[in-house]
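Student: This structure is in structure tokens; I'll ask about it shortly.
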Amino acid sequence: MTTPATTQVGGPLDQGPPAEPRIGSRNRTGDKIFSGTATAAGITILVTLAGIAAFLLYEGFPALVAPAEDVPGGEGFWPYVQPLLFGTVLAAVIALVIAAPLSIGIALFISHYAPRRVAAPLGYLVDLLAAVPSVVYGLWGIFFLAPQLVPVFRWLEQTLGFLPFFAGPTSATGRTMLTAGIVLAVMILPIMSGVNREVFLQTPRLQEEAALALGATRSEMIRMTVLPFARSGMVSGAMLGLGRALGETLAVALVLSPAAVISFNLIGSTNSSTIAANIALNFPESSGLAVNTLIATGLVLFTLTFVVNFIARAVVARRKDFSGANA
Amino acid sequence: MAKRIDVKDLDIYYGSFRAVEGVTMSIEPRSITALIGPSGCGKSTFLRSLNRMHEVIPGARVSGSVLLDGQDLYGAGIDPVSVRRHVGMVFQRPNPFPTMSIYENVVAGMRLNGGRGVRKAEMDGIVEGALQGANLWNEVKDRLDRPGSSLSGGQQQRLCIARAIAVKPDVLLMDEPCSALDPISTLAIEDLMDQLKKDYTIVIVTHNMQQAARVSDRTGFFNIAGTGKPGKLIEMDETSTMFSTPSVQATEDYISGRFG
């Protein structure tokens, strides 16, 4: 025990009993280290983001203001980036539309339906899918998935050809926007089902029992408690998946043979590329303003991802009072 | 409405572990039956076996029978889901659905019971009736669209009671319904139980012996011989008899506080 330093006013007789340790002493070293580390980590992410944004703006700016005929394609930056932006969003949306219900199904099966000794290995396997490099997915897309899908695309063209998505003519190689979307869906499936599984497992037991005690079947219980409780978590999972789908480069670059078009035809042979794939394909042979143009497209992708995330946050916050966090 | 329950030689198992052994009791309609006993004596497990809620734990099973007005709840082909639609339950801690409004909480059970086609006006009537039945209507009638979790603990518990009685069950099970509440809210729930017993058969598990003495008509005392041994129903009688002249020494020891 340490004796606090005291100022002596009178003689030695005035010293009195030794002072008690003061209440509310601020000597909490561990706490300071902890809060310091957390703050530093938070600042790091802000600085990194700001650095990336600054780089993209600085390097991309020349392309934004350059005369139209100097930009690759000869029509200016916006006409150049539009098909790419369209392709990026289209591929990501296809991936999300396929992966969202599938990942919820997988996660629900693991969290609420599968017997325990099946659930654990299955969850582990799904997590393992996330570790497969994207180039492997791309190769799988070209050599396995694309040929398998050709008959499916033919069938889609024949039966649903009246929809612009399946207007055809069907690509003979199967390397189409829909193929790229499916490959992306498989890639984002592990992260999405992993997040969903974790939030489903967090549903308070008391909530689930409340539903069961009212006479809910298991699926009714899931609809009444698990899914509403997990809503914001599912949106977060979808955003993580969408982020990966928007930025995915290699798998798309391998699968698609790009053209600068805007087409809703998902099964034809002319497909718009995506921003990331376009950068990867063209960067090695670019110089001068072409490089600035590619970086500017990167800025567009960066902004797009930001906007998507803000929208997702807004969706989650809209019914904050009703979130499971109040349980 | 209000049915009687006859339990015969009920053993409850979790896997190979026998949690409750040889319970035989009759629960009268339109009365309150209290179950008391030390922690781990199986009274909550027994309560949950009355609407098959104990089956949410994998490996749970029973032998013996539980008859609801003569119909065996564990008979062949009986769906636990439909059992729970007739035997409602209120839990230890208030558990309104946090993602639903007060109104939606009350109608949650009805929506399950195929009440999707019920007209709005009729639904409103049922909500008002259930909330009035739970003595909550005056406090929440102006904010039915607010989340159930915005209420105080005592109000939340009454909301849970409203939710349970909105489906007009035959029996209402209460598992320590006041253990998370302050004395004022506890009193409100006890008053409410007294009103509800006009229409329902109520079974309550409580650790509060004064509460058992105050609210119940009959009391059952559960005890356990030791850790790992099954819980048993030691004695069951009129509440006044149980608390004045119990016939078993263990009951008297427990009630008078001379117990472990």
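Every chain in the structure tokens takes a letter, A first, then B, and so on in the order presented; its residues are numbered from 1, and the ligands are numbered from 1 following the presented order.
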List every residue of segment 136-214 of chain A that DSSP, applied to the backbone of this structure, assigns to helix (DSSP H, G or I), and report them as a VMD selection string.
Tutor: chain A and resid 136 to 160 164 to 166 177 to 201 205 to 213
Student: Go ahead and dump the residues you just picked, C-alpha atoms, as a PDB file, in the first residue's frame.
Tutor:
```
ATOM      1  CA  VAL A 136     -10.527 -20.836 -58.587  1.00  0.00           C
ATOM      2  CA  TYR A 137     -14.169 -19.767 -58.685  1.00  0.00           C
ATOM      3  CA  GLY A 138     -13.476 -18.043 -61.985  1.00  0.00           C
ATOM      4  CA  LEU A 139     -11.929 -21.166 -63.499  1.00  0.00           C
ATOM      5  CA  TRP A 140     -14.771 -23.257 -62.155  1.00  0.00           C
ATOM      6  CA  GLY A 141     -17.166 -20.785 -63.785  1.00  0.00           C
ATOM      7  CA  ILE A 142     -15.490 -21.072 -67.202  1.00  0.00           C
ATOM      8  CA  PHE A 143     -14.718 -24.756 -67.388  1.00  0.00           C
ATOM      9  CA  PHE A 144     -17.492 -26.344 -65.396  1.00  0.00           C
ATOM     10  CA  LEU A 145     -20.437 -24.074 -64.776  1.00  0.00           C
ATOM     11  CA  ALA A 146     -20.663 -22.274 -68.135  1.00  0.00           C
ATOM     12  CA  PRO A 147     -20.975 -25.414 -70.332  1.00  0.00           C
ATOM     13  CA  GLN A 148     -23.463 -26.938 -67.887  1.00  0.00           C
ATOM     14  CA  LEU A 149     -25.616 -23.835 -68.056  1.00  0.00           C
ATOM     15  CA  VAL A 150     -25.925 -23.645 -71.860  1.00  0.00           C
ATOM     16  CA  PRO A 151     -28.929 -26.037 -72.037  1.00  0.00           C
ATOM     17  CA  VAL A 152     -30.534 -24.198 -69.117  1.00  0.00           C
ATOM     18  CA  PHE A 153     -30.107 -20.903 -70.945  1.00  0.00           C
ATOM     19  CA  ARG A 154     -31.627 -22.428 -74.101  1.00  0.00           C
ATOM     20  CA  TRP A 155     -34.614 -23.548 -72.085  1.00  0.00           C
ATOM     21  CA  LEU A 156     -34.935 -20.096 -70.505  1.00  0.00           C
ATOM     22  CA  GLU A 157     -34.835 -18.498 -73.959  1.00  0.00           C
ATOM     23  CA  GLN A 158     -37.547 -20.819 -75.259  1.00  0.00           C
ATOM     24  CA  THR A 159     -39.941 -20.583 -72.316  1.00  0.00           C
ATOM     25  CA  LEU A 160     -39.259 -17.133 -70.876  1.00  0.00           C
ATOM     26  CA  PRO A 164     -35.920  -8.967 -71.835  1.00  0.00           C
ATOM     27  CA  PHE A 165     -33.605 -10.875 -69.463  1.00  0.00           C
ATOM     28  CA  PHE A 166     -33.871 -14.083 -71.457  1.00  0.00           C
ATOM     29  CA  MET A 177     -23.878 -12.199 -67.291  1.00  0.00           C
ATOM     30  CA  LEU A 178     -26.076 -14.781 -65.576  1.00  0.00           C
ATOM     31  CA  THR A 179     -23.136 -17.188 -65.291  1.00  0.00           C
ATOM     32  CA  ALA A 180     -21.015 -14.429 -63.763  1.00  0.00           C
ATOM     33  CA  GLY A 181     -23.855 -13.618 -61.355  1.00  0.00           C
ATOM     34  CA  ILE A 182     -24.150 -17.259 -60.308  1.00  0.00           C
ATOM     35  CA  VAL A 183     -20.395 -17.543 -59.737  1.00  0.00           C
ATOM     36  CA  LEU A 184     -20.546 -14.371 -57.642  1.00  0.00           C
ATOM     37  CA  ALA A 185     -23.516 -15.766 -55.717  1.00  0.00           C
ATOM     38  CA  VAL A 186     -21.534 -18.880 -54.828  1.00  0.00           C
ATOM     39  CA  MET A 187     -18.653 -16.663 -53.736  1.00  0.00           C
ATOM     40  CA  ILE A 188     -20.713 -14.477 -51.404  1.00  0.00           C
ATOM     41  CA  LEU A 189     -22.776 -17.357 -50.052  1.00  0.00           C
ATOM     42  CA  PRO A 190     -20.362 -18.349 -47.249  1.00  0.00           C
ATOM     43  CA  ILE A 191     -20.022 -14.897 -45.703  1.00  0.00           C
ATOM     44  CA  MET A 192     -23.749 -14.245 -45.936  1.00  0.00           C
ATOM     45  CA  SER A 193     -24.831 -17.572 -44.497  1.00  0.00           C
ATOM     46  CA  GLY A 194     -22.140 -17.278 -41.817  1.00  0.00           C
ATOM     47  CA  VAL A 195     -23.448 -13.903 -40.667  1.00  0.00           C
ATOM     48  CA  ASN A 196     -27.059 -15.048 -40.873  1.00  0.00           C
ATOM     49  CA  ARG A 197     -26.337 -18.203 -38.910  1.00  0.00           C
ATOM     50  CA  GLU A 198     -24.696 -16.235 -36.119  1.00  0.00           C
ATOM     51  CA  VAL A 199     -27.555 -13.746 -35.792  1.00  0.00           C
ATOM     52  CA  PHE A 200     -30.172 -16.506 -35.955  1.00  0.00           C
ATOM     53  CA  LEU A 201     -28.432 -18.251 -33.079  1.00  0.00           C
ATOM     54  CA  ARG A 205     -34.543 -18.281 -26.104  1.00  0.00           C
ATOM     55  CA  LEU A 206     -37.340 -16.513 -24.212  1.00  0.00           C
ATOM     56  CA  GLN A 207     -38.656 -15.023 -27.451  1.00  0.00           C
ATOM     57  CA  GLU A 208     -38.687 -18.374 -29.174  1.00  0.00           C
ATOM     58  CA  GLU A 209     -40.466 -19.972 -26.236  1.00  0.00           C
ATOM     59  CA  ALA A 210     -43.032 -17.168 -26.185  1.00  0.00           C
ATOM     60  CA  ALA A 211     -43.941 -17.997 -29.770  1.00  0.00           C
ATOM     61  CA  LEU A 212     -43.980 -21.754 -29.183  1.00  0.00           C
ATOM     62  CA  ALA A 213     -46.152 -21.350 -26.084  1.00  0.00           C
TER      63      ALA A 213
END
```
Student: Near Ala188 of chain B, counting only C-alpha atoms, which residues have an atom at most 10 Å away, once you skip same-chain residues fewer than 4 positions from it, shown as JSON, numbers by chain?
Tutor: {"B": [134, 135, 136, 154, 155, 158, 178, 183, 184, 192, 193]}
Student: Residues as selected, all heavy atoms, written as a tab-separated table (two decimals), in the first residue's frame, can you do that?
Tutor:
```tsv
chain	number	residue	atom	x	y	z
B	134	ALA	N	-56.43	-8.11	-18.88
B	134	ALA	CA	-55.12	-8.10	-18.23
B	134	ALA	C	-54.89	-6.79	-17.47
B	134	ALA	O	-53.75	-6.50	-17.08
B	134	ALA	CB	-54.03	-8.31	-19.27
B	135	ASN	N	-55.94	-6.00	-17.27
B	135	ASN	CA	-55.86	-4.73	-16.54
B	135	ASN	C	-54.81	-3.79	-17.12
B	135	ASN	O	-54.12	-3.10	-16.40
B	135	ASN	CB	-55.50	-4.97	-15.06
B	135	ASN	CG	-56.71	-5.40	-14.28
B	135	ASN	OD1	-57.83	-5.20	-14.74
B	135	ASN	ND2	-56.49	-6.01	-13.13
B	136	LEU	N	-54.70	-3.78	-18.44
B	136	LEU	CA	-53.66	-2.96	-19.05
B	136	LEU	C	-54.25	-1.93	-20.01
B	136	LEU	O	-53.58	-0.99	-20.42
B	136	LEU	CB	-52.68	-3.89	-19.81
B	136	LEU	CG	-51.37	-3.28	-20.29
B	136	LEU	CD1	-50.55	-2.75	-19.13
B	136	LEU	CD2	-50.56	-4.31	-21.07
B	154	GLY	N	-43.60	-4.57	-15.30
B	154	GLY	CA	-44.89	-5.06	-14.86
B	154	GLY	C	-45.93	-4.98	-15.97
B	154	GLY	O	-46.74	-5.89	-16.15
B	155	GLN	N	-45.88	-3.88	-16.74
B	155	GLN	CA	-46.81	-3.75	-17.86
B	155	GLN	C	-46.52	-4.79	-18.93
B	155	GLN	O	-47.45	-5.37	-19.51
B	155	GLN	CB	-46.69	-2.34	-18.46
B	155	GLN	CG	-47.24	-1.25	-17.56
B	155	GLN	CD	-46.94	0.14	-18.12
B	155	GLN	OE1	-45.88	0.35	-18.72
B	155	GLN	NE2	-47.85	1.07	-17.94
B	158	ARG	N	-48.04	-7.98	-17.93
B	158	ARG	CA	-49.49	-8.00	-18.15
B	158	ARG	C	-49.80	-8.09	-19.64
B	158	ARG	O	-50.80	-8.69	-20.04
B	158	ARG	CB	-50.14	-6.77	-17.51
B	158	ARG	CG	-50.38	-6.99	-16.00
B	158	ARG	CD	-51.01	-5.80	-15.35
B	158	ARG	NE	-50.01	-4.76	-15.10
B	158	ARG	CZ	-50.27	-3.45	-15.08
B	158	ARG	NH1	-51.49	-3.02	-15.30
B	158	ARG	NH2	-49.31	-2.60	-14.85
B	178	CYS	N	-43.96	-13.40	-11.34
B	178	CYS	CA	-43.66	-12.13	-10.67
B	178	CYS	C	-42.23	-12.04	-10.20
B	178	CYS	O	-41.85	-11.07	-9.54
B	178	CYS	CB	-44.59	-11.95	-9.47
B	178	CYS	SG	-46.32	-11.97	-9.93
B	183	PRO	N	-42.79	-5.09	-6.02
B	183	PRO	CA	-43.98	-5.47	-5.24
B	183	PRO	C	-45.28	-4.90	-5.77
B	183	PRO	O	-46.32	-5.58	-5.75
B	183	PRO	CB	-43.68	-4.92	-3.85
B	183	PRO	CG	-42.20	-4.81	-3.78
B	183	PRO	CD	-41.74	-4.52	-5.16
B	184	ILE	N	-45.26	-3.66	-6.28
B	184	ILE	CA	-46.50	-3.06	-6.78
B	184	ILE	C	-47.00	-3.82	-8.01
B	184	ILE	O	-48.17	-4.19	-8.11
B	184	ILE	CB	-46.27	-1.57	-7.16
B	184	ILE	CG1	-45.64	-0.80	-5.99
B	184	ILE	CG2	-47.55	-0.93	-7.63
B	184	ILE	CD1	-46.59	-0.49	-4.88
B	192	LEU	N	-54.93	-9.55	-10.76
B	192	LEU	CA	-55.37	-10.00	-12.07
B	192	LEU	C	-55.66	-11.50	-12.07
B	192	LEU	O	-56.67	-11.96	-12.61
B	192	LEU	CB	-54.27	-9.66	-13.08
B	192	LEU	CG	-54.47	-10.14	-14.50
B	192	LEU	CD1	-55.77	-9.62	-15.07
B	192	LEU	CD2	-53.30	-9.66	-15.36
B	193	MET	N	-54.78	-12.28	-11.40
B	193	MET	CA	-54.99	-13.72	-11.36
B	193	MET	C	-56.32	-14.05	-10.68
B	193	MET	O	-57.04	-14.95	-11.10
B	193	MET	CB	-53.84	-14.40	-10.61
B	193	MET	CG	-52.56	-14.46	-11.44
B	193	MET	SD	-51.10	-14.76	-10.44
B	193	MET	CE	-51.50	-16.30	-9.74
```
Student: Mind running segment 20-124 of chain B against segment 207-210 of chain B at 12 Å and telling me each contacting residue's nearest atom pair with the distance in Å (one decimal), counting only C-alpha atoms, chain and number ascending, as JSON lines?
Tutor:
```
{"residue": "B:Ala34", "atom": "CA", "partner": "B:Met209", "partner_atom": "CA", "distance": 9.4}
{"residue": "B:Leu35", "atom": "CA", "partner": "B:His207", "partner_atom": "CA", "distance": 8.7}
{"residue": "B:Ile36", "atom": "CA", "partner": "B:His207", "partner_atom": "CA", "distance": 6.2}
{"residue": "B:Gly37", "atom": "CA", "partner": "B:His207", "partner_atom": "CA", "distance": 7.1}
{"residue": "B:Pro38", "atom": "CA", "partner": "B:His207", "partner_atom": "CA", "distance": 7.6}
{"residue": "B:Ser39", "atom": "CA", "partner": "B:His207", "partner_atom": "CA", "distance": 8.2}
{"residue": "B:Gly40", "atom": "CA", "partner": "B:His207", "partner_atom": "CA", "distance": 11.4}
{"residue": "B:Cys41", "atom": "CA", "partner": "B:His207", "partner_atom": "CA", "distance": 11.5}
{"residue": "B:Lys43", "atom": "CA", "partner": "B:His207", "partner_atom": "CA", "distance": 10.3}
{"residue": "B:Ser44", "atom": "CA", "partner": "B:His207", "partner_atom": "CA", "distance": 10.7}
{"residue": "B:Gln92", "atom": "CA", "partner": "B:His207", "partner_atom": "CA", "distance": 11.1}
```
Student: Those residues you just picked out, can you put them in a file as a PDB file, in the first residue's frame with N, CA, C and O atoms?
Tutor:
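Below is the file part.pdb, written as the result:
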```pdb
ATOM      1  N   ALA B  34     -51.156 -23.595  -6.894  1.00  0.00           N
ATOM      2  CA  ALA B  34     -49.773 -23.140  -6.774  1.00  0.00           C
ATOM      3  C   ALA B  34     -48.863 -24.345  -6.591  1.00  0.00           C
ATOM      4  O   ALA B  34     -49.222 -25.303  -5.908  1.00  0.00           O
ATOM      5  N   LEU B  35     -47.692 -24.297  -7.224  1.00  0.00           N
ATOM      6  CA  LEU B  35     -46.681 -25.338  -7.028  1.00  0.00           C
ATOM      7  C   LEU B  35     -45.482 -24.688  -6.374  1.00  0.00           C
ATOM      8  O   LEU B  35     -44.930 -23.723  -6.895  1.00  0.00           O
ATOM      9  N   ILE B  36     -45.110 -25.193  -5.195  1.00  0.00           N
ATOM     10  CA  ILE B  36     -43.955 -24.629  -4.494  1.00  0.00           C
ATOM     11  C   ILE B  36     -42.924 -25.717  -4.264  1.00  0.00           C
ATOM     12  O   ILE B  36     -43.207 -26.907  -4.428  1.00  0.00           O
ATOM     13  N   GLY B  37     -41.733 -25.288  -3.879  1.00  0.00           N
ATOM     14  CA  GLY B  37     -40.666 -26.252  -3.622  1.00  0.00           C
ATOM     15  C   GLY B  37     -39.325 -25.618  -3.899  1.00  0.00           C
ATOM     16  O   GLY B  37     -39.244 -24.577  -4.550  1.00  0.00           O
ATOM     17  N   PRO B  38     -38.256 -26.220  -3.405  1.00  0.00           N
ATOM     18  CA  PRO B  38     -36.921 -25.640  -3.598  1.00  0.00           C
ATOM     19  C   PRO B  38     -36.505 -25.679  -5.063  1.00  0.00           C
ATOM     20  O   PRO B  38     -37.078 -26.414  -5.859  1.00  0.00           O
ATOM     21  N   SER B  39     -35.476 -24.883  -5.406  1.00  0.00           N
ATOM     22  CA  SER B  39     -34.981 -24.857  -6.783  1.00  0.00           C
ATOM     23  C   SER B  39     -34.534 -26.244  -7.218  1.00  0.00           C
ATOM     24  O   SER B  39     -33.962 -26.993  -6.431  1.00  0.00           O
ATOM     25  N   GLY B  40     -34.816 -26.584  -8.476  1.00  0.00           N
ATOM     26  CA  GLY B  40     -34.365 -27.858  -9.010  1.00  0.00           C
ATOM     27  C   GLY B  40     -35.228 -29.035  -8.619  1.00  0.00           C
ATOM     28  O   GLY B  40     -34.853 -30.178  -8.862  1.00  0.00           O
ATOM     29  N   CYS B  41     -36.389 -28.764  -7.994  1.00  0.00           N
ATOM     30  CA  CYS B  41     -37.219 -29.880  -7.546  1.00  0.00           C
ATOM     31  C   CYS B  41     -38.150 -30.370  -8.638  1.00  0.00           C
ATOM     32  O   CYS B  41     -38.916 -31.285  -8.430  1.00  0.00           O
ATOM     33  N   LYS B  43     -40.549 -28.574 -10.288  1.00  0.00           N
ATOM     34  CA  LYS B  43     -41.892 -27.997 -10.422  1.00  0.00           C
ATOM     35  C   LYS B  43     -42.072 -27.253 -11.736  1.00  0.00           C
ATOM     36  O   LYS B  43     -43.119 -27.337 -12.366  1.00  0.00           O
ATOM     37  N   SER B  44     -41.003 -26.547 -12.179  1.00  0.00           N
ATOM     38  CA  SER B  44     -41.106 -25.866 -13.486  1.00  0.00           C
ATOM     39  C   SER B  44     -41.169 -26.880 -14.625  1.00  0.00           C
ATOM     40  O   SER B  44     -41.943 -26.712 -15.566  1.00  0.00           O
ATOM     41  N   GLN B  92     -41.253 -16.558 -16.699  1.00  0.00           N
ATOM     42  CA  GLN B  92     -40.585 -15.952 -15.563  1.00  0.00           C
ATOM     43  C   GLN B  92     -40.246 -14.484 -15.807  1.00  0.00           C
ATOM     44  O   GLN B  92     -40.436 -13.652 -14.949  1.00  0.00           O
TER      45      GLN B  92
END
```
Student: So that I can check the surroundings of Leu49 of chain A, please list as a list in words every protein, DNA and RNA residue that reaches within 12 Å of it, counting only C-alpha atoms and ignoring chain neighbours fewer than 5 positions away.
Tutor: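 Surrounding residues, per the criterion: Gly42, Ile43, Thr44, Ala54, Phe55, Leu56, Phe302, Thr303 and Phe306 of chain A.
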Student: Could you tell me which residues of chain B sit within 8 Å of chain A when counting only C-alpha atoms, and give me the result as a PyMOL selection string?
Tutor: chain B and resi 51+53+81-85+88-89+91+95-101+109+112-113+147+149+164
Student: Keeping only N, CA and C atoms, take the residues you just selected and write them out as a tab-separated table (two decimals), in the first residue's frame.
Tutor:
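Output contents, as saved in part.tsv:
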```
chain	number	residue	atom	x	y	z
B	51	ASN	N	-48.09	-28.24	-20.97
B	51	ASN	CA	-48.38	-27.85	-22.36
B	51	ASN	C	-47.27	-28.29	-23.30
B	53	MET	N	-44.22	-27.87	-23.30
B	53	MET	CA	-43.15	-26.93	-23.61
B	53	MET	C	-41.78	-27.51	-23.25
B	81	VAL	N	-48.12	-28.69	-30.85
B	81	VAL	CA	-48.48	-27.33	-31.25
B	81	VAL	C	-49.94	-27.03	-30.90
B	82	SER	N	-50.83	-28.01	-31.14
B	82	SER	CA	-52.24	-27.74	-30.85
B	82	SER	C	-52.50	-27.80	-29.35
B	83	VAL	N	-51.69	-28.59	-28.62
B	83	VAL	CA	-51.81	-28.58	-27.16
B	83	VAL	C	-51.57	-27.17	-26.63
B	84	ARG	N	-50.51	-26.54	-27.15
B	84	ARG	CA	-50.14	-25.21	-26.65
B	84	ARG	C	-51.16	-24.16	-27.04
B	85	ARG	N	-51.95	-24.43	-28.07
B	85	ARG	CA	-53.00	-23.47	-28.41
B	85	ARG	C	-54.14	-23.55	-27.41
B	88	GLY	N	-52.17	-22.11	-22.42
B	88	GLY	CA	-51.29	-20.95	-22.59
B	88	GLY	C	-50.26	-20.87	-21.49
B	89	MET	N	-49.25	-20.02	-21.69
B	89	MET	CA	-48.17	-19.96	-20.72
B	89	MET	C	-47.63	-18.54	-20.57
B	91	PHE	N	-44.29	-16.52	-18.74
B	91	PHE	CA	-42.94	-16.94	-18.33
B	91	PHE	C	-42.41	-16.10	-17.16
B	95	ASN	N	-41.75	-11.42	-21.79
B	95	ASN	CA	-41.13	-11.61	-23.10
B	95	ASN	C	-42.06	-11.22	-24.24
B	96	PRO	N	-42.50	-9.94	-24.26
B	96	PRO	CA	-43.25	-9.51	-25.44
B	96	PRO	C	-42.33	-9.56	-26.66
B	97	PHE	N	-42.92	-9.71	-27.83
B	97	PHE	CA	-42.09	-9.73	-29.04
B	97	PHE	C	-41.59	-8.32	-29.31
B	98	PRO	N	-40.27	-8.11	-29.27
B	98	PRO	CA	-39.74	-6.75	-29.36
B	98	PRO	C	-39.94	-6.12	-30.73
B	99	THR	N	-40.12	-6.95	-31.75
B	99	THR	CA	-40.27	-6.37	-33.09
B	99	THR	C	-41.73	-6.06	-33.40
B	100	MET	N	-42.62	-6.31	-32.43
B	100	MET	CA	-44.04	-6.07	-32.69
B	100	MET	C	-44.56	-4.96	-31.78
B	101	SER	N	-45.61	-4.28	-32.26
B	101	SER	CA	-46.26	-3.27	-31.43
B	101	SER	C	-47.09	-3.96	-30.35
B	109	GLY	N	-50.99	-14.51	-31.21
B	109	GLY	CA	-51.49	-15.88	-31.08
B	109	GLY	C	-52.66	-16.14	-32.01
B	112	LEU	N	-51.74	-16.84	-35.48
B	112	LEU	CA	-51.29	-18.23	-35.65
B	112	LEU	C	-52.49	-19.16	-35.79
B	113	ASN	N	-53.54	-18.87	-35.02
B	113	ASN	CA	-54.69	-19.76	-35.03
B	113	ASN	C	-55.57	-19.55	-36.25
B	147	PRO	N	-43.89	-0.03	-29.60
B	147	PRO	CA	-43.35	-1.37	-29.35
B	147	PRO	C	-43.69	-1.87	-27.94
B	149	SER	N	-41.88	-3.46	-26.08
B	149	SER	CA	-40.73	-3.32	-25.18
B	149	SER	C	-40.61	-1.92	-24.60
B	164	ALA	N	-51.55	-14.12	-23.92
B	164	ALA	CA	-51.91	-15.52	-23.67
B	164	ALA	C	-53.42	-15.71	-23.65
```
Student: Write out as a PyMOL selection string the residues lying within 9 Å of Val215 of chain B, counting only C-alpha atoms and excluding same-chain residues fewer than 3 positions away.
Tutor: chain B and resi 32-34+190-191+193-194+210-212
Student: As a PyMOL selection string, please: the residues near Lys3 of chain B (cut-off 12 Å, only C-alpha atoms, same-chain neighbours under 4 positions excluded).
Tutor: chain B and resi 26-31+67-71+86-87+168-172+197-203
Student: In Å to one decimal, how far is atom CA of Ala276 of chain A from atom CA of Gly60 of chain A?
Tutor: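 Separating atom CA of Gly60 of chain A from atom CA of Ala276 of chain A is a distance of 14.8 Å.
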